[in-house]
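As stored in structure-v2.cif (mmCIF, C-alpha atoms):
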```
data_entry
#
loop_
_atom_site.label_atom_id
_atom_site.label_comp_id
_atom_site.auth_asym_id
_atom_site.auth_seq_id
_atom_site.Cartn_x
_atom_site.Cartn_y
_atom_site.Cartn_z
CA MET Y 29 -26.50 -64.15 46.48
CA THR Y 30 -26.29 -63.19 42.86
CA THR Y 31 -23.30 -61.55 41.29
CA THR Y 32 -23.56 -59.30 38.30
CA ILE Y 33 -20.86 -59.36 35.75
CA SER Y 34 -20.38 -56.01 34.10
CA ALA Y 35 -19.61 -55.96 30.43
CA PRO Y 36 -16.13 -54.81 29.46
CA PRO Y 37 -15.93 -51.21 28.33
CA PRO Y 38 -16.17 -50.82 24.59
CA VAL Y 39 -12.90 -50.46 22.80
CA ALA Y 40 -12.64 -47.11 21.07
CA ALA Y 41 -12.20 -47.45 17.37
CA PRO Y 42 -8.97 -45.97 16.04
CA ARG Y 43 -9.44 -42.49 14.70
CA ARG Y 44 -9.04 -42.21 11.04
CA ARG Y 45 -6.97 -39.36 9.77
CA ARG Y 46 -9.20 -36.95 7.95
CA ARG Y 47 -8.08 -36.44 4.44
CA ARG Y 48 -8.15 -32.97 3.09
CA PRO Y 49 -10.67 -32.71 0.26
CA LEU Y 50 -9.17 -32.71 -3.18
CA LYS Y 51 -10.88 -29.40 -3.90
CA GLY Y 52 -9.25 -27.76 -0.87
CA ARG Y 53 -5.79 -29.03 -1.81
CA GLY Y 54 -6.27 -27.78 -5.35
CA LEU Y 55 -7.26 -24.34 -4.08
CA HIS Y 56 -4.17 -24.17 -1.84
CA LEU Y 57 -1.93 -25.25 -4.71
CA TYR Y 58 -3.52 -22.66 -6.98
CA THR Y 59 -2.93 -19.94 -4.36
CA ILE Y 60 0.72 -20.91 -3.95
CA VAL Y 61 1.29 -20.91 -7.71
CA LEU Y 62 -0.44 -17.55 -8.12
CA VAL Y 63 1.54 -15.91 -5.32
CA GLY Y 64 4.75 -17.38 -6.70
CA TRP Y 65 3.94 -16.02 -10.16
CA LEU Y 66 3.35 -12.54 -8.71
CA LEU Y 67 6.67 -12.69 -6.83
CA VAL Y 68 8.74 -13.67 -9.88
CA PRO Y 69 9.20 -10.08 -11.21
CA ILE Y 70 10.13 -8.86 -7.72
CA ALA Y 71 12.66 -11.68 -7.35
CA VAL Y 72 14.21 -10.80 -10.73
CA MET Y 73 14.44 -7.14 -9.73
CA ILE Y 74 16.18 -8.06 -6.46
CA LEU Y 75 18.51 -10.52 -8.20
CA PHE Y 76 19.70 -8.07 -10.87
CA GLY Y 77 20.50 -5.53 -8.17
CA PHE Y 78 23.52 -7.79 -7.50
CA ASN Y 79 24.45 -8.18 -11.18
CA ASP Y 80 28.08 -7.28 -11.98
CA THR Y 81 27.23 -5.73 -15.32
CA HIS Y 82 29.72 -3.66 -17.32
CA THR Y 83 27.29 -2.23 -19.88
CA LYS Y 84 24.32 0.13 -19.79
CA GLN Y 85 21.89 -2.75 -20.24
CA ASN Y 86 21.20 -4.74 -17.08
CA PHE Y 87 19.45 -7.68 -18.74
CA GLU Y 88 22.12 -10.45 -18.73
CA TRP Y 89 23.61 -12.01 -15.63
CA GLU Y 90 27.39 -11.40 -15.53
CA GLY Y 91 28.28 -12.17 -11.90
CA PHE Y 92 27.55 -11.37 -8.29
CA THR Y 93 28.57 -8.06 -6.71
CA LEU Y 94 27.58 -5.70 -3.91
CA LYS Y 95 29.10 -2.59 -5.46
CA TRP Y 96 25.76 -1.15 -6.60
CA TYR Y 97 24.65 -0.92 -2.97
CA VAL Y 98 27.85 0.96 -2.18
CA HIS Y 99 27.50 3.28 -5.21
CA LEU Y 100 23.73 3.65 -4.85
CA PHE Y 101 23.68 7.45 -5.04
CA ASP Y 102 26.34 7.94 -7.76
CA LYS Y 103 23.74 9.06 -10.32
CA LYS Y 104 22.60 12.46 -9.07
CA ASP Y 105 19.57 12.76 -11.34
CA LEU Y 106 18.31 9.34 -10.24
CA THR Y 107 18.84 10.28 -6.58
CA THR Y 108 16.94 13.54 -7.10
CA ALA Y 109 14.07 11.67 -8.73
CA LEU Y 110 13.93 9.22 -5.81
CA ILE Y 111 13.93 12.06 -3.27
CA ASN Y 112 11.11 13.74 -5.17
CA SER Y 113 9.06 10.54 -5.12
CA LEU Y 114 9.61 9.92 -1.42
CA THR Y 115 8.94 13.49 -0.27
CA ILE Y 116 5.83 13.75 -2.45
CA ALA Y 117 4.62 10.39 -1.12
CA LEU Y 118 5.18 11.44 2.51
CA LEU Y 119 3.41 14.78 2.06
CA THR Y 120 0.60 13.09 0.13
CA THR Y 121 0.19 10.53 2.90
CA LEU Y 122 0.05 13.21 5.59
CA ILE Y 123 -2.43 15.47 3.80
CA ALA Y 124 -4.61 12.70 2.36
CA THR Y 125 -4.76 10.87 5.70
CA VAL Y 126 -5.99 13.96 7.56
CA LEU Y 127 -8.54 14.94 4.91
CA GLY Y 128 -9.62 11.36 4.19
CA THR Y 129 -10.05 10.50 7.87
CA LEU Y 130 -12.32 13.49 8.49
CA LEU Y 131 -14.27 12.80 5.31
CA GLY Y 132 -14.64 9.10 6.10
CA LEU Y 133 -15.90 9.89 9.61
CA ALA Y 134 -18.38 12.43 8.29
CA ILE Y 135 -19.83 10.00 5.75
CA GLY Y 136 -19.75 6.95 8.00
CA ARG Y 137 -21.11 8.46 11.23
CA HIS Y 138 -23.42 11.31 10.20
CA ARG Y 139 -26.36 12.00 7.90
CA PHE Y 140 -26.34 15.23 5.91
CA ARG Y 141 -27.67 16.68 2.68
CA GLY Y 142 -25.53 15.64 -0.27
CA GLN Y 143 -24.16 12.51 1.39
CA GLY Y 144 -25.13 10.33 -1.56
CA MET Y 145 -23.37 12.68 -3.95
CA ALA Y 146 -20.25 12.62 -1.74
CA ASN Y 147 -20.21 8.83 -1.85
CA LEU Y 148 -20.65 8.92 -5.62
CA VAL Y 149 -17.73 11.31 -6.06
CA LEU Y 150 -15.47 9.17 -3.87
CA PHE Y 151 -16.18 5.99 -5.78
CA ALA Y 152 -15.97 7.83 -9.11
CA ALA Y 153 -12.49 9.08 -8.23
CA ILE Y 154 -11.42 5.51 -7.45
CA SER Y 155 -12.95 3.92 -10.55
CA CYS Y 156 -11.96 6.69 -12.95
CA PRO Y 157 -9.17 5.60 -15.37
CA GLU Y 158 -5.88 7.28 -14.56
CA ILE Y 159 -5.40 8.57 -18.08
CA VAL Y 160 -8.75 10.38 -17.87
CA MET Y 161 -7.89 11.92 -14.50
CA GLY Y 162 -4.43 12.88 -15.69
CA ALA Y 163 -5.76 14.54 -18.86
CA SER Y 164 -8.42 16.38 -16.83
CA LEU Y 165 -5.86 17.70 -14.36
CA LEU Y 166 -3.58 18.76 -17.20
CA SER Y 167 -6.45 20.67 -18.82
CA MET Y 168 -7.24 22.38 -15.51
CA PHE Y 169 -3.62 23.41 -14.91
CA VAL Y 170 -3.25 24.71 -18.46
CA ALA Y 171 -6.57 26.60 -18.32
CA THR Y 172 -5.62 28.24 -15.01
CA GLU Y 173 -2.06 28.90 -16.25
CA THR Y 174 -0.62 26.97 -13.32
CA PRO Y 175 3.04 26.04 -13.89
CA ARG Y 176 3.45 22.30 -13.69
CA GLY Y 177 6.04 20.88 -11.34
CA TYR Y 178 6.47 19.57 -7.81
CA LEU Y 179 3.36 21.23 -6.37
CA THR Y 180 1.05 20.12 -9.17
CA ILE Y 181 2.24 16.52 -8.73
CA LEU Y 182 1.54 16.81 -5.00
CA ALA Y 183 -1.94 18.23 -5.61
CA ALA Y 184 -2.76 15.47 -8.09
CA HIS Y 185 -1.57 12.71 -5.76
CA VAL Y 186 -3.57 14.12 -2.85
CA MET Y 187 -6.62 14.33 -5.10
CA PHE Y 188 -6.72 10.61 -5.95
CA SER Y 189 -5.41 9.39 -2.58
CA VAL Y 190 -8.07 11.09 -0.45
CA SER Y 191 -10.77 8.81 -1.85
CA PHE Y 192 -8.92 5.63 -0.89
CA VAL Y 193 -8.30 6.86 2.67
CA ALA Y 194 -11.89 8.06 3.08
CA ILE Y 195 -13.39 4.77 1.91
CA THR Y 196 -11.10 2.78 4.21
CA VAL Y 197 -11.88 4.94 7.26
CA ARG Y 198 -15.59 4.98 6.41
CA ALA Y 199 -15.70 1.17 6.44
CA ARG Y 200 -14.12 1.20 9.90
CA ALA Y 201 -16.27 4.01 11.25
CA VAL Y 202 -19.54 2.33 10.29
CA GLY Y 203 -18.84 -0.55 12.70
CA ILE Y 204 -18.16 1.64 15.74
CA ASP Y 205 -20.67 1.37 18.60
CA PRO Y 206 -21.92 4.94 19.24
CA SER Y 207 -22.71 4.08 22.87
CA VAL Y 208 -18.97 4.08 23.65
CA GLU Y 209 -18.66 7.72 22.60
CA GLU Y 210 -21.88 8.58 24.43
CA ALA Y 211 -20.46 7.03 27.61
CA ALA Y 212 -17.33 9.16 27.30
CA ARG Y 213 -19.41 12.32 26.91
CA ASP Y 214 -21.58 11.33 29.88
CA LEU Y 215 -18.40 11.09 31.97
CA GLY Y 216 -17.52 14.69 31.14
CA ALA Y 217 -15.28 14.35 28.09
CA GLY Y 218 -15.59 17.10 25.49
CA PRO Y 219 -15.85 16.52 21.74
CA LEU Y 220 -12.08 16.78 21.14
CA THR Y 221 -11.24 14.59 24.12
CA THR Y 222 -13.78 11.98 23.02
CA PHE Y 223 -12.33 11.97 19.53
CA ARG Y 224 -8.73 11.74 20.74
CA LEU Y 225 -9.21 9.10 23.44
CA VAL Y 226 -12.14 7.05 22.13
CA THR Y 227 -12.96 7.54 18.43
CA LEU Y 228 -9.44 7.80 17.02
CA PRO Y 229 -8.10 4.62 18.69
CA MET Y 230 -11.11 2.66 17.39
CA ILE Y 231 -10.66 3.83 13.79
CA MET Y 232 -6.84 3.74 13.90
CA PRO Y 233 -6.54 0.43 11.96
CA GLY Y 234 -8.50 1.99 9.10
CA VAL Y 235 -6.45 5.18 9.27
CA LEU Y 236 -3.15 3.27 9.13
CA ALA Y 237 -4.38 1.09 6.27
CA GLY Y 238 -5.47 4.17 4.32
CA ALA Y 239 -2.15 5.92 4.99
CA LEU Y 240 -0.13 2.93 3.76
CA LEU Y 241 -2.34 2.71 0.68
CA ALA Y 242 -1.89 6.42 -0.06
CA PHE Y 243 1.89 6.13 0.29
CA ALA Y 244 2.08 3.10 -2.01
CA LEU Y 245 -0.15 4.69 -4.65
CA SER Y 246 1.87 7.90 -4.64
CA VAL Y 247 5.27 6.22 -4.96
CA ASP Y 248 3.98 3.91 -7.69
CA ASP Y 249 2.03 6.41 -9.80
CA PHE Y 250 3.23 7.06 -13.34
CA ILE Y 251 0.32 8.05 -15.62
CA ILE Y 252 -1.12 10.96 -13.62
CA THR Y 253 2.37 12.12 -12.67
CA ASN Y 254 3.41 12.14 -16.32
CA PHE Y 255 0.57 14.54 -17.14
CA THR Y 256 1.22 16.91 -14.24
CA SER Y 257 5.00 16.77 -13.74
CA GLY Y 258 6.32 19.43 -16.09
CA ALA Y 259 10.11 19.40 -15.75
CA THR Y 260 10.06 17.61 -12.38
CA GLN Y 261 11.04 13.94 -12.46
CA THR Y 262 9.96 11.27 -10.04
CA PHE Y 263 11.39 7.77 -9.69
CA PRO Y 264 8.86 6.06 -12.04
CA LEU Y 265 9.33 8.79 -14.67
CA TRP Y 266 13.12 8.48 -14.49
CA VAL Y 267 12.98 4.70 -14.85
CA TRP Y 268 10.70 5.00 -17.88
CA SER Y 269 12.97 7.53 -19.56
CA SER Y 270 16.08 5.43 -18.85
CA THR Y 271 14.74 2.41 -20.74
CA ARG Y 272 15.70 4.12 -24.01
CA THR Y 273 19.40 4.31 -23.16
CA GLY Y 274 19.78 1.60 -20.51
CA THR Y 275 18.55 1.08 -16.98
CA PRO Y 276 21.40 1.12 -14.44
CA PRO Y 277 21.53 -1.46 -11.63
CA GLN Y 278 20.93 1.31 -9.08
CA VAL Y 279 17.29 1.27 -10.21
CA ASN Y 280 17.01 -2.36 -9.12
CA VAL Y 281 18.64 -1.57 -5.79
CA MET Y 282 16.34 1.38 -5.12
CA GLY Y 283 13.32 -0.69 -6.11
CA THR Y 284 14.46 -3.45 -3.75
CA LEU Y 285 14.83 -1.01 -0.84
CA ILE Y 286 11.41 0.55 -1.51
CA PHE Y 287 9.85 -2.93 -1.62
CA ALA Y 288 11.61 -3.89 1.62
CA VAL Y 289 10.36 -0.76 3.40
CA GLY Y 290 6.82 -1.46 2.18
CA VAL Y 291 6.95 -5.03 3.47
CA LEU Y 292 8.35 -3.82 6.79
CA LEU Y 293 5.54 -1.28 7.23
CA ALA Y 294 2.94 -3.93 6.38
CA VAL Y 295 4.42 -6.34 8.92
CA ILE Y 296 4.48 -3.63 11.61
CA ASN Y 297 0.84 -2.84 10.88
CA ILE Y 298 -0.15 -6.52 11.14
CA VAL Y 299 1.75 -7.01 14.42
CA ALA Y 300 0.23 -3.86 15.90
CA ALA Y 301 -3.27 -4.97 14.86
CA ARG Y 302 -2.77 -8.37 16.51
CA ARG Y 303 -1.55 -6.76 19.73
CA ARG Y 304 -4.57 -4.47 19.80
CA ALA Y 305 -6.85 -7.48 19.25
CA ARG Y 306 -5.27 -9.31 22.20
CA HIS Y 307 -5.79 -6.38 24.56
CA THR Y 308 -9.44 -5.91 23.59
#
```
Represent the supplied structure as structure tokens.
Amino acid sequence: MTTTISAPPPVAAPRRRRRRPLKGRGLHLYTIVLVGWLLVPIAVMILFGFNDTHTKQNFEWEGFTLKWYVHLFDKKDLTTALINSLTIALLTTLIATVLGTLLGLAIGRHRFRGQGMANLVLFAAISCPEIVMGASLLSMFVATETPRGYLTILAAHVMFSVSFVAITVRARAVGIDPSVEEAARDLGAGPLTTFRLVTLPMIMPGVLAGALLAFALSVDDFIITNFTSGATQTFPLWVWSSTRTGTPPQVNVMGTLIFAVGVLLAVINIVAARRRARHT
């Protein structure tokens, strides 16, 4: 009777910790430095909103205070300018989102005569320098004897925001599977029902991204607004004019609040997108 002796199982070699390539670590460090550099002006703006300054110039740190948040709306002309900026931005977002969504769907889902020209006009409006667009709009308003003011600012903002919304929605609409809409129509859904229950939810991330972009561009715009404003002042125009006599700390506070609202909207959009991705 022969007995076989089995060899002992091989001992697994200890795993070596993989070292991150030097190139990858350098890229991460570069990204952190770049993001930090971009955040420095925002951090300074937020910091000087708490500056206990006693002069018109808010450039030297004199102490910490919260009084500027309490007296945020003491300057009536600044408050009026902020309200103008916010209401124009909201109306611009609403109008540009509706028009841009329809335009983006038309270009992304259908073929029609003049489609190439429509694409060219959209990209031309995005790439056109703001000073050229502002001067062109000013010439048009002067030639048509249109009084410049709130409505001309709104028209100008809608004009350059529609292109951004349309391009964003178009990029989303191109990737939609048309068989999903065909299945809805086969089940008896009409065109409006198919759009409301099928098409719109699928393109909603692009619509929300375009709306946020339109709002940010409208609140931030200075050059085109300066050409088309007339006697109406928006928040960027008021800040620019105040640099000659002294920028009050309320400007820093309002800028901080606008930045915080923008970050909050972006976070809500990201969370909503992740929840939609989990359910699909």
Worksheet item: What does the PyMOL selection byres ((chain Y and resi 193-208) around 10) select in this file, as JSON, numbers by chain?
Response: {"Y": [121, 124, 125, 126, 127, 128, 129, 130, 131, 132, 133, 134, 135, 136, 137, 138, 147, 150, 151, 154, 188, 189, 190, 191, 192, 209, 210, 211, 212, 213, 214, 222, 226, 227, 228, 230, 231, 232, 233, 234, 235, 236, 237, 238, 239, 240, 241, 242]}
How close does each residue of region 65-147 of chain Y get to region 256-266 of chain Y, giving the shortest atom pair and distance in Å to one decimal for every residue with an atom at most 12 Å away, counting all atoms listed in the file, sorted by chain and residue number, as JSON lines?
```
{"residue": "Y:Lys103", "atom": "CA", "partner": "Y:Trp266", "partner_atom": "CA", "distance": 11.4}
{"residue": "Y:Lys104", "atom": "CA", "partner": "Y:Trp266", "partner_atom": "CA", "distance": 11.6}
{"residue": "Y:Asp105", "atom": "CA", "partner": "Y:Trp266", "partner_atom": "CA", "distance": 8.4}
{"residue": "Y:Leu106", "atom": "CA", "partner": "Y:Trp266", "partner_atom": "CA", "distance": 6.8}
{"residue": "Y:Thr107", "atom": "CA", "partner": "Y:Phe263", "partner_atom": "CA", "distance": 8.5}
{"residue": "Y:Thr108", "atom": "CA", "partner": "Y:Thr262", "partner_atom": "CA", "distance": 7.9}
{"residue": "Y:Ala109", "atom": "CA", "partner": "Y:Thr262", "partner_atom": "CA", "distance": 4.3}
{"residue": "Y:Leu110", "atom": "CA", "partner": "Y:Phe263", "partner_atom": "CA", "distance": 4.9}
{"residue": "Y:Ile111", "atom": "CA", "partner": "Y:Thr262", "partner_atom": "CA", "distance": 7.9}
{"residue": "Y:Asn112", "atom": "CA", "partner": "Y:Thr262", "partner_atom": "CA", "distance": 5.6}
{"residue": "Y:Ser113", "atom": "CA", "partner": "Y:Thr262", "partner_atom": "CA", "distance": 5.1}
{"residue": "Y:Leu114", "atom": "CA", "partner": "Y:Phe263", "partner_atom": "CA", "distance": 8.7}
{"residue": "Y:Thr115", "atom": "CA", "partner": "Y:Thr262", "partner_atom": "CA", "distance": 10.1}
{"residue": "Y:Ile116", "atom": "CA", "partner": "Y:Thr262", "partner_atom": "CA", "distance": 9.0}
{"residue": "Y:Ala117", "atom": "CA", "partner": "Y:Thr262", "partner_atom": "CA", "distance": 10.4}
```
Practice prompt. On this file, the PyMOL selection byres ((chain Y and resi 88-98) around 12) gives some set of residues; write that set as JSON, numbers by chain.
Written response: {"Y": [72, 73, 74, 75, 76, 77, 78, 79, 80, 81, 82, 83, 84, 85, 86, 87, 99, 100, 101, 102, 103, 276, 277, 278, 279, 280, 281, 282, 283, 284, 285]}
Item to complete: Evaluate the PyMOL selection byres ((chain Y and resi 176) around 9) here and jot the selected residues down as number ranges by chain.
Response: Y: 166, 169-170, 173-175, 177-181, 255-260
Worksheet item: Just how far from CA of His185 (chain Y) is CA of Glu158 (chain Y), in Å to one decimal?
Response: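 Here the two named atoms are 11.2 Å from each other.
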Discussion item. Please compute the CA of Leu118 (chain Y)-CA of Ala153 (chain Y) distance, one decimal, in Å.
Written reply: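 Distance reported for this atom pair: 20.8 Å.
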Filtering to all heavy atoms, could region 285-297 of chain Y of the supplied structure be written out as a PDB file, in the first residue's frame?
```pdb
ATOM      1  N   LEU Y 285     -23.885  86.102  -0.803  1.00  0.00           N
ATOM      2  CA  LEU Y 285     -25.194  85.439  -0.826  1.00  0.00           C
ATOM      3  C   LEU Y 285     -25.516  84.908  -2.220  1.00  0.00           C
ATOM      4  O   LEU Y 285     -26.056  83.802  -2.360  1.00  0.00           O
ATOM      5  CB  LEU Y 285     -26.276  86.413  -0.365  1.00  0.00           C
ATOM      6  CG  LEU Y 285     -26.159  86.891   1.094  1.00  0.00           C
ATOM      7  CD1 LEU Y 285     -27.247  87.897   1.421  1.00  0.00           C
ATOM      8  CD2 LEU Y 285     -26.215  85.710   2.058  1.00  0.00           C
ATOM      9  N   ILE Y 286     -25.182  85.676  -3.257  1.00  0.00           N
ATOM     10  CA  ILE Y 286     -25.413  85.201  -4.626  1.00  0.00           C
ATOM     11  C   ILE Y 286     -24.573  83.959  -4.907  1.00  0.00           C
ATOM     12  O   ILE Y 286     -25.048  82.974  -5.503  1.00  0.00           O
ATOM     13  CB  ILE Y 286     -25.093  86.320  -5.638  1.00  0.00           C
ATOM     14  CG1 ILE Y 286     -26.102  87.466  -5.502  1.00  0.00           C
ATOM     15  CG2 ILE Y 286     -25.105  85.777  -7.062  1.00  0.00           C
ATOM     16  CD1 ILE Y 286     -25.776  88.674  -6.360  1.00  0.00           C
ATOM     17  N   PHE Y 287     -23.316  83.983  -4.460  1.00  0.00           N
ATOM     18  CA  PHE Y 287     -22.446  82.816  -4.648  1.00  0.00           C
ATOM     19  C   PHE Y 287     -22.992  81.606  -3.896  1.00  0.00           C
ATOM     20  O   PHE Y 287     -22.993  80.488  -4.425  1.00  0.00           O
ATOM     21  CB  PHE Y 287     -21.039  83.152  -4.162  1.00  0.00           C
ATOM     22  CG  PHE Y 287     -20.104  81.987  -4.148  1.00  0.00           C
ATOM     23  CD1 PHE Y 287     -19.588  81.468  -5.324  1.00  0.00           C
ATOM     24  CD2 PHE Y 287     -19.737  81.394  -2.947  1.00  0.00           C
ATOM     25  CE1 PHE Y 287     -18.724  80.390  -5.314  1.00  0.00           C
ATOM     26  CE2 PHE Y 287     -18.872  80.313  -2.927  1.00  0.00           C
ATOM     27  CZ  PHE Y 287     -18.371  79.811  -4.116  1.00  0.00           C
ATOM     28  N   ALA Y 288     -23.486  81.824  -2.677  1.00  0.00           N
ATOM     29  CA  ALA Y 288     -24.021  80.717  -1.881  1.00  0.00           C
ATOM     30  C   ALA Y 288     -25.259  80.117  -2.536  1.00  0.00           C
ATOM     31  O   ALA Y 288     -25.428  78.881  -2.578  1.00  0.00           O
ATOM     32  CB  ALA Y 288     -24.354  81.197  -0.471  1.00  0.00           C
ATOM     33  N   VAL Y 289     -26.127  80.968  -3.085  1.00  0.00           N
ATOM     34  CA  VAL Y 289     -27.322  80.457  -3.772  1.00  0.00           C
ATOM     35  C   VAL Y 289     -26.922  79.667  -5.011  1.00  0.00           C
ATOM     36  O   VAL Y 289     -27.493  78.606  -5.309  1.00  0.00           O
ATOM     37  CB  VAL Y 289     -28.261  81.622  -4.138  1.00  0.00           C
ATOM     38  CG1 VAL Y 289     -29.392  81.138  -5.034  1.00  0.00           C
ATOM     39  CG2 VAL Y 289     -28.823  82.254  -2.872  1.00  0.00           C
ATOM     40  N   GLY Y 290     -25.928  80.153  -5.753  1.00  0.00           N
ATOM     41  CA  GLY Y 290     -25.462  79.417  -6.927  1.00  0.00           C
ATOM     42  C   GLY Y 290     -24.901  78.054  -6.579  1.00  0.00           C
ATOM     43  O   GLY Y 290     -25.188  77.057  -7.266  1.00  0.00           O
ATOM     44  N   VAL Y 291     -24.113  77.994  -5.511  1.00  0.00           N
ATOM     45  CA  VAL Y 291     -23.564  76.706  -5.063  1.00  0.00           C
ATOM     46  C   VAL Y 291     -24.685  75.772  -4.620  1.00  0.00           C
ATOM     47  O   VAL Y 291     -24.673  74.568  -4.930  1.00  0.00           O
ATOM     48  CB  VAL Y 291     -22.546  76.926  -3.930  1.00  0.00           C
ATOM     49  CG1 VAL Y 291     -22.119  75.597  -3.324  1.00  0.00           C
ATOM     50  CG2 VAL Y 291     -21.325  77.669  -4.452  1.00  0.00           C
ATOM     51  N   LEU Y 292     -25.668  76.320  -3.916  1.00  0.00           N
ATOM     52  CA  LEU Y 292     -26.789  75.501  -3.450  1.00  0.00           C
ATOM     53  C   LEU Y 292     -27.569  74.913  -4.623  1.00  0.00           C
ATOM     54  O   LEU Y 292     -27.925  73.729  -4.623  1.00  0.00           O
ATOM     55  CB  LEU Y 292     -27.708  76.341  -2.567  1.00  0.00           C
ATOM     56  CG  LEU Y 292     -28.949  75.632  -2.007  1.00  0.00           C
ATOM     57  CD1 LEU Y 292     -28.549  74.461  -1.122  1.00  0.00           C
ATOM     58  CD2 LEU Y 292     -29.820  76.619  -1.239  1.00  0.00           C
ATOM     59  N   LEU Y 293     -27.826  75.721  -5.645  1.00  0.00           N
ATOM     60  CA  LEU Y 293     -28.548  75.225  -6.818  1.00  0.00           C
ATOM     61  C   LEU Y 293     -27.750  74.142  -7.544  1.00  0.00           C
ATOM     62  O   LEU Y 293     -28.307  73.147  -8.014  1.00  0.00           O
ATOM     63  CB  LEU Y 293     -28.855  76.384  -7.767  1.00  0.00           C
ATOM     64  CG  LEU Y 293     -29.874  77.414  -7.274  1.00  0.00           C
ATOM     65  CD1 LEU Y 293     -30.007  78.550  -8.267  1.00  0.00           C
ATOM     66  CD2 LEU Y 293     -31.229  76.764  -7.033  1.00  0.00           C
ATOM     67  N   ALA Y 294     -26.426  74.345  -7.628  1.00  0.00           N
ATOM     68  CA  ALA Y 294     -25.584  73.339  -8.277  1.00  0.00           C
ATOM     69  C   ALA Y 294     -25.601  72.024  -7.505  1.00  0.00           C
ATOM     70  O   ALA Y 294     -25.671  70.939  -8.101  1.00  0.00           O
ATOM     71  CB  ALA Y 294     -24.161  73.872  -8.416  1.00  0.00           C
ATOM     72  N   VAL Y 295     -25.538  72.111  -6.178  1.00  0.00           N
ATOM     73  CA  VAL Y 295     -25.568  70.897  -5.358  1.00  0.00           C
ATOM     74  C   VAL Y 295     -26.905  70.177  -5.506  1.00  0.00           C
ATOM     75  O   VAL Y 295     -26.961  68.939  -5.625  1.00  0.00           O
ATOM     76  CB  VAL Y 295     -25.296  71.249  -3.879  1.00  0.00           C
ATOM     77  CG1 VAL Y 295     -25.560  70.052  -2.981  1.00  0.00           C
ATOM     78  CG2 VAL Y 295     -23.858  71.729  -3.710  1.00  0.00           C
ATOM     79  N   ILE Y 296     -28.007  70.940  -5.509  1.00  0.00           N
ATOM     80  CA  ILE Y 296     -29.330  70.328  -5.688  1.00  0.00           C
ATOM     81  C   ILE Y 296     -29.418  69.630  -7.037  1.00  0.00           C
ATOM     82  O   ILE Y 296     -29.955  68.517  -7.152  1.00  0.00           O
ATOM     83  CB  ILE Y 296     -30.427  71.397  -5.545  1.00  0.00           C
ATOM     84  CG1 ILE Y 296     -30.485  71.908  -4.101  1.00  0.00           C
ATOM     85  CG2 ILE Y 296     -31.780  70.843  -5.959  1.00  0.00           C
ATOM     86  CD1 ILE Y 296     -31.446  73.062  -3.900  1.00  0.00           C
ATOM     87  N   ASN Y 297     -28.867  70.255  -8.065  1.00  0.00           N
ATOM     88  CA  ASN Y 297     -28.891  69.650  -9.397  1.00  0.00           C
ATOM     89  C   ASN Y 297     -28.085  68.350  -9.428  1.00  0.00           C
ATOM     90  O   ASN Y 297     -28.506  67.346 -10.030  1.00  0.00           O
ATOM     91  CB  ASN Y 297     -28.341  70.639 -10.417  1.00  0.00           C
ATOM     92  CG  ASN Y 297     -28.542  70.171 -11.847  1.00  0.00           C
ATOM     93  OD1 ASN Y 297     -29.449  69.389 -12.120  1.00  0.00           O
ATOM     94  ND2 ASN Y 297     -27.709  70.633 -12.746  1.00  0.00           N
TER      95      ASN Y 297
END
```
